$ cat model.csv   # CSV, C-alpha atoms
chain,number,residue,atom,x,y,z
A,1296,MET,CA,25.0,29.8,19.5
A,1297,ASN,CA,28.2,28.8,21.3
A,1298,PHE,CA,28.0,25.0,21.7
A,1299,GLU,CA,30.3,24.3,24.6
A,1300,THR,CA,28.4,22.3,27.1
A,1301,ILE,CA,28.1,18.5,26.9
A,1302,CYS,CA,24.8,16.9,27.9
A,1303,GLN,CA,25.8,14.3,30.5
A,1304,ASN,CA,22.7,12.2,29.6
A,1305,CYS,CA,23.3,11.8,25.8
A,1306,GLY,CA,26.6,13.4,25.1
A,1307,ALA,CA,25.3,16.1,22.7
A,1308,LEU,CA,26.7,19.6,22.5
A,1309,SER,CA,24.6,22.6,23.5
A,1310,SER,CA,24.9,26.1,24.7
A,1311,PRO,CA,25.2,26.6,28.5
A,1312,ALA,CA,22.4,29.2,28.2
A,1313,VAL,CA,19.9,26.6,27.0
A,1314,GLY,CA,19.6,24.7,30.2
A,1315,VAL,CA,17.7,21.8,28.6
A,1316,CYS,CA,19.3,19.4,26.1
A,1317,PRO,CA,17.7,20.1,22.7
A,1318,TYR,CA,18.2,16.4,21.8
A,1319,CYS,CA,17.2,14.3,24.8
A,1320,LYS,CA,15.4,17.1,26.7
A,1321,SER,CA,17.1,16.3,30.0
A,1322,VAL,CA,18.1,19.2,32.3
A,1323,MET,CA,21.7,20.2,31.7
A,1324,VAL,CA,23.4,20.9,35.0
A,1325,LYS,CA,27.0,21.3,35.9
A,1326,ASP,CA,28.5,18.2,37.3
A,1327,THR,CA,31.7,17.6,39.3
A,1328,GLU,CA,31.1,13.9,40.2
A,1329,GLU,CA,33.6,11.6,38.4
A,1330,GLU,CA,31.1,9.0,37.5
A,1331,LYS,CA,28.9,11.5,35.7
A,1332,GLN,CA,31.5,11.8,33.0
A,1333,THR,CA,30.8,8.3,31.8
A,1334,PRO,CA,27.8,9.1,29.5
A,1335,ALA,CA,29.7,11.8,27.6
A,1336,ILE,CA,32.7,9.5,27.1
A,1337,SER,CA,30.3,6.7,26.0
A,1338,LYS,CA,28.8,9.1,23.5
A,1339,ILE,CA,32.3,9.9,22.1
A,1340,ARG,CA,33.1,6.2,22.0
A,1341,SER,CA,29.8,5.5,20.1
A,1342,LEU,CA,30.6,8.2,17.5
A,1343,PHE,CA,34.1,6.9,17.1
A,1344,ASP,CA,32.9,3.3,16.6
A,1345,GLU,CA,30.4,4.5,14.0
A,1346,GLY,CA,33.1,6.4,12.1
A,1347,ASP,CA,31.7,9.9,12.8
A,1348,ILE,CA,35.3,11.0,13.7
A,1349,ASP,CA,34.8,14.7,13.3
A,1350,GLN,CA,32.0,14.9,15.8
A,1351,ALA,CA,33.9,12.5,18.1
A,1352,LEU,CA,36.8,14.9,18.0
A,1353,VAL,CA,34.6,18.0,18.8
A,1354,LEU,CA,33.1,16.2,21.8
A,1355,ALA,CA,36.5,15.0,23.0
A,1356,GLN,CA,38.0,18.5,22.8
A,1357,THR,CA,35.0,20.0,24.6
A,1358,LEU,CA,35.1,17.4,27.4
A,1359,GLU,CA,38.9,18.0,27.7
A,1360,THR,CA,38.2,21.8,28.1
A,1361,GLN,CA,35.2,21.5,30.4
A,1362,LYS,CA,36.6,18.8,32.7
A,1363,PRO,CA,40.4,18.7,32.6
A,1364,ASP,CA,40.4,15.9,35.2
A,1365,ALA,CA,38.7,13.6,32.6
A,1366,ALA,CA,41.8,13.9,30.4
A,1367,LYS,CA,43.8,12.2,33.1
A,1368,GLY,CA,41.6,9.1,33.0
A,1369,ALA,CA,43.1,6.1,31.0
A,1370,GLU,CA,39.9,5.4,29.1
A,1371,PHE,CA,39.3,8.9,27.9
A,1372,ALA,CA,43.0,9.5,27.1
A,1373,LEU,CA,43.2,6.3,25.1
A,1374,LEU,CA,40.1,7.1,23.1
A,1375,TYR,CA,41.2,10.7,22.5
A,1376,ALA,CA,44.6,9.5,21.3
A,1377,GLN,CA,42.9,7.1,18.9
A,1378,ILE,CA,40.7,9.8,17.5
A,1379,LEU,CA,43.6,12.1,17.0
A,1380,ILE,CA,45.5,9.5,15.2
A,1381,GLU,CA,42.6,8.9,12.8
A,1382,VAL,CA,42.2,12.6,12.0
A,1383,ASP,CA,46.0,12.9,11.6
A,1384,GLY,CA,46.4,15.2,14.6
A,1385,PRO,CA,49.8,16.5,15.6
A,1386,SER,CA,52.0,14.0,17.4
A,1387,SER,CA,52.8,16.6,20.1
A,1388,LYS,CA,49.2,16.8,21.1
A,1389,ILE,CA,48.8,13.0,21.1
A,1390,LYS,CA,51.9,12.6,23.3
A,1391,SER,CA,50.6,15.3,25.6
A,1392,VAL,CA,47.2,13.5,26.0
A,1393,LEU,CA,48.9,10.2,26.7
A,1394,ASN,CA,51.6,11.5,29.0
A,1395,ARG,CA,49.1,13.3,31.1
A,1396,ALA,CA,47.2,10.1,31.7
A,1397,ILE,CA,50.3,8.0,32.2
A,1398,VAL,CA,51.2,10.3,35.2
A,1399,GLU,CA,48.0,9.1,36.8
A,1400,ASN,CA,48.1,5.6,35.4
A,1401,PRO,CA,51.8,4.7,35.1
A,1402,SER,CA,51.2,0.9,34.8
A,1403,ASP,CA,48.5,1.0,32.1
A,1404,ASP,CA,50.1,-1.0,29.2
A,1405,ARG,CA,47.6,0.4,26.7
A,1406,LEU,CA,48.7,4.0,27.3
A,1407,LEU,CA,52.3,3.0,27.2
A,1408,GLU,CA,51.8,1.1,23.9
A,1409,TYR,CA,50.1,4.0,22.2
A,1410,LEU,CA,52.9,6.3,23.4
A,1411,GLU,CA,55.4,3.8,21.8
A,1412,ILE,CA,53.3,3.9,18.6
A,1413,ILE,CA,53.4,7.7,18.4
A,1414,GLU,CA,57.1,7.8,19.2
A,1415,ALA,CA,57.7,5.3,16.4
A,1416,ASP,CA,55.6,7.3,13.9
A,1417,SER,CA,57.7,10.4,14.8
A,1418,ASN,CA,60.8,8.4,13.9
A,1419,LEU,CA,59.7,7.3,10.5
A,1420,SER,CA,61.8,8.6,7.6
A,1421,GLN,CA,62.5,7.9,4.0
A,1422,GLU,CA,65.0,5.1,4.9
A,1423,LYS,CA,64.0,1.5,4.9
A,1424,ASN,CA,64.1,-0.3,8.3
A,1425,ASP,CA,64.6,3.0,10.2
A,1426,ALA,CA,64.0,3.2,13.9
A,1427,GLY,CA,60.3,4.1,13.5
A,1428,GLU,CA,59.6,1.2,11.2
A,1429,VAL,CA,61.4,-1.3,13.4
A,1430,ALA,CA,59.5,-0.1,16.4
A,1431,LEU,CA,56.1,-0.4,14.6
A,1432,VAL,CA,57.0,-3.9,13.4
A,1433,ASN,CA,57.7,-4.8,17.0
A,1434,VAL,CA,54.4,-3.4,18.2
A,1435,VAL,CA,52.4,-5.3,15.5
A,1436,ARG,CA,54.3,-8.5,16.3
A,1437,ARG,CA,53.4,-8.1,20.0
A,1438,SER,CA,49.9,-6.7,19.4
A,1439,PRO,CA,48.6,-8.0,16.0
A,1440,ASP,CA,45.2,-6.5,16.7
A,1441,ASN,CA,46.3,-2.9,17.2
A,1442,ALA,CA,44.6,-1.3,14.2
A,1443,HIS,CA,46.4,2.0,14.6
A,1444,ALA,CA,49.9,0.4,14.6
A,1445,LEU,CA,48.8,-1.6,11.6
A,1446,PHE,CA,47.7,1.5,9.8
A,1447,LEU,CA,50.8,3.6,10.5
A,1448,LEU,CA,53.1,0.8,9.4
A,1449,GLY,CA,51.0,-0.2,6.4
A,1450,SER,CA,50.6,3.4,5.1
A,1451,HIS,CA,54.3,4.0,5.6
A,1452,LEU,CA,55.3,0.9,3.7
A,1453,PHE,CA,53.0,1.9,0.8
A,1454,TRP,CA,53.5,5.6,0.4
A,1455,VAL,CA,57.2,5.8,1.4
A,1456,GLU,CA,58.7,2.4,0.7
A,1457,ASN,CA,56.4,1.3,-2.2
A,1458,ASP,CA,56.1,-2.1,-0.6
A,1459,THR,CA,52.6,-3.0,-1.9
A,1460,GLN,CA,52.4,-6.5,-0.6
A,1461,ARG,CA,53.4,-5.9,3.0
A,1462,SER,CA,51.3,-2.8,3.2
A,1463,LEU,CA,48.3,-4.7,1.8
A,1464,THR,CA,48.6,-7.3,4.6
A,1465,HIS,CA,48.7,-4.7,7.3
A,1466,LEU,CA,46.0,-2.4,5.9
A,1467,GLU,CA,43.5,-5.2,5.2
A,1468,ARG,CA,43.9,-6.4,8.8
A,1469,CYS,CA,43.5,-2.8,10.0
A,1470,VAL,CA,40.3,-2.3,8.1
A,1471,GLN,CA,39.0,-5.7,9.3
A,1472,LEU,CA,39.6,-4.7,12.9
A,1473,ARG,CA,38.4,-1.1,12.5
A,1474,PRO,CA,35.9,-1.0,9.5
A,1475,ASN,CA,35.0,2.7,10.1
A,1476,PHE,CA,38.6,4.0,10.0
A,1477,LEU,CA,38.2,6.1,6.8
A,1478,ARG,CA,41.8,7.1,6.3
A,1479,ALA,CA,42.8,3.4,6.5
A,1480,LYS,CA,40.1,2.5,4.0
A,1481,ALA,CA,41.2,5.2,1.6
A,1482,CYS,CA,44.8,4.1,1.9
A,1483,LEU,CA,43.8,0.5,1.3
A,1484,ALA,CA,41.8,1.6,-1.7
A,1485,ALA,CA,45.0,3.2,-3.1
A,1486,VAL,CA,46.8,-0.1,-2.7
A,1487,TYR,CA,44.0,-1.9,-4.5
A,1488,LYS,CA,44.1,0.6,-7.3
A,1489,LYS,CA,47.9,-0.1,-7.7
A,1490,LEU,CA,47.2,-3.8,-7.8
A,1491,GLY,CA,44.5,-3.3,-10.5
A,1492,LEU,CA,41.7,-4.3,-8.1
A,1493,ASN,CA,39.6,-1.3,-9.0
A,1494,GLY,CA,36.3,-2.9,-8.0
A,1495,ASN,CA,37.6,-3.3,-4.4
A,1496,ALA,CA,38.9,0.2,-4.4
A,1497,GLU,CA,35.7,1.7,-5.6
A,1498,ARG,CA,33.7,-0.2,-3.0
A,1499,LEU,CA,35.8,1.1,-0.2
A,1500,LEU,CA,35.8,4.7,-1.4
A,1501,SER,CA,32.0,4.6,-1.8
A,1502,GLU,CA,31.7,3.4,1.8
A,1503,CYS,CA,34.0,6.3,2.9
A,1504,ALA,CA,31.9,8.9,0.9
A,1505,VAL,CA,28.7,7.7,2.6
A,1506,LYS,CA,30.3,7.8,6.1
A,1507,THR,CA,31.8,11.3,6.0
A,1508,SER,CA,29.7,14.4,6.5
A,1509,ASP,CA,32.3,16.8,5.2
A,1510,ARG,CA,31.4,17.8,1.6
A,1511,SER,CA,35.0,18.3,0.4
A,1512,THR,CA,36.1,15.0,1.9
A,1513,LYS,CA,33.0,13.3,0.4
A,1514,GLU,CA,33.9,14.8,-3.0
A,1515,PHE,CA,37.5,13.7,-2.6
A,1516,PHE,CA,36.5,10.1,-2.1
A,1517,ARG,CA,34.1,10.1,-5.1
A,1518,ASN,CA,36.7,11.6,-7.4
A,1519,PHE,CA,39.4,9.2,-6.1
A,1520,ALA,CA,37.0,6.3,-6.9
A,1521,LYS,CA,36.7,7.5,-10.5
A,1522,SER,CA,40.4,8.2,-11.0
A,1523,GLU,CA,42.6,5.8,-13.0
$ encode --input "model.csv" --output "structure tokens"
Amino acid sequence: MNFETICQNCGALSSPAVGVCPYCKSVMVKDTEEEKQTPAISKIRSLFDEGDIDQALVLAQTLETQKPDAAKGAEFALLYAQILIEVDGPSSKIKSVLNRAIVENPSDDRLLEYLEIIEADSNLSQEKNDAGEVALVNVVRRSPDNAHALFLLGSHLFWVENDTQRSLTHLERCVQLRPNFLRAKACLAAVYKKLGLNGNAERLLSECAVKTSDRSTKEFFRNFAKSE
């Protein structure tokens, strides 16, 4: 079955041939009214908040394909960009999503900030205090509760610059703000392991393994938890 229709009542995917949502049993009809997009976006938001990032991505991609006008909305574009960051999507795609929405919402500071974050991430290199790092530091200073800026800066400091203490501060704050951001939790677990805090690392990785539905990813988290 080709799952390419989003139920506007519950946000579930179904085949256009079904006619009735197999989950909530509501009649699935084609909609062109702007306000009827809200339930599907709310479903994507719910999956994102719960940490079901793969399903959130599938629904976001489907909504983008079915209703291109939805991609121009600030709320959807921002959520879609956040999802793409968390699944390590290509920066070119994230920029495209944001720029498309910025054309319609040129004064939305949230969209502009996320575009700044993605541009900064693209400018990260092996050099300390490069343009990307400086830009991310500025974003975090200005918006200390931006979990994705914290993650990108913290992971760069740890994996590239080997700056464990600074990365720890940023990643702990990121996970506090976004507890179901699995890549951030796994990165923080790596920092804990380096610091000898194996109990903390195992706890985080166990939580990640429970949250993910992908078998290979689940196995990765479990093996990482057991590694020295």
$ closest_residue --input "model.csv" --among "A:Lys1513, A:Lys1390, A:His1465, A:Lys1423" --to "A:His1443" --atoms "all atoms listed in the file"
A:His1465
$ residues_near_point --input "model.csv" --point "(34.5, 12.8, 12.9)" --cutoff "12 Å" --atoms "all atoms listed in the file" --output "number ranges by chain"
A: 1339-1356, 1375, 1377-1383, 1475-1478, 1503, 1506-1509, 1512
$ closest_residue --input "model.csv" --among "A:Leu1406, A:Leu1393, A:Val1486, A:Val1432" --to "A:Ser1462" --atoms "all atoms listed in the file"
A:Val1486
$ atom_distance --input "model.csv" --atom1 "atom CA of A:Leu1358" --atom2 "atom CA of A:Glu1411"
25.1 Å
$ closest_residue --input "model.csv" --among "A:Gln1471, A:Ser1337, A:Asn1441, A:Asn1424" --to "A:Arg1405" --atoms "all atoms listed in the file"
A:Asn1441
$ residues_around --input "model.csv" --residues "A:Arg1461" --least-positions-apart "2" --cutoff "10 Å" --atoms "all atoms listed in the file" --output "ChimeraX atom specification"
/A:1448-1450,1452-1453,1457-1459,1463-1466
$ residues_around --input "model.csv" --residues "A:Ala1365" --least-positions-apart "2" --cutoff "12 Å" --atoms "all atoms listed in the file" --output "NGL selection string"
:A and (1327-1333 or 1335-1336 or 1355-1363 or 1367-1375 or 1392 or 1395-1396 or 1399)
$ closest_residue --input "model.csv" --among "A:Val1429, A:Ile1397, A:Ala1504, A:Ile1412" --to "A:Ala1481" --atoms "only C-alpha atoms"
A:Ala1504
$ atom_distance --input "model.csv" --atom1 "atom CA of A:Arg1437" --atom2 "atom CA of A:Tyr1409"
12.7 Å
$ closest_residue --input "model.csv" --among "A:Asp1404, A:Glu1497, A:Asp1416, A:Glu1422" --to "A:Leu1447" --atoms "all atoms listed in the file"
A:Asp1416
$ atom_distance --input "model.csv" --atom1 "atom CA of A:Asn1493" --atom2 "atom CA of A:Val1505"
18.3 Å
$ closest_residue --input "model.csv" --among "A:Leu1483, A:His1451, A:Lys1521, A:Asp1364" --to "A:Arg1468" --atoms "all atoms listed in the file"
A:Leu1483
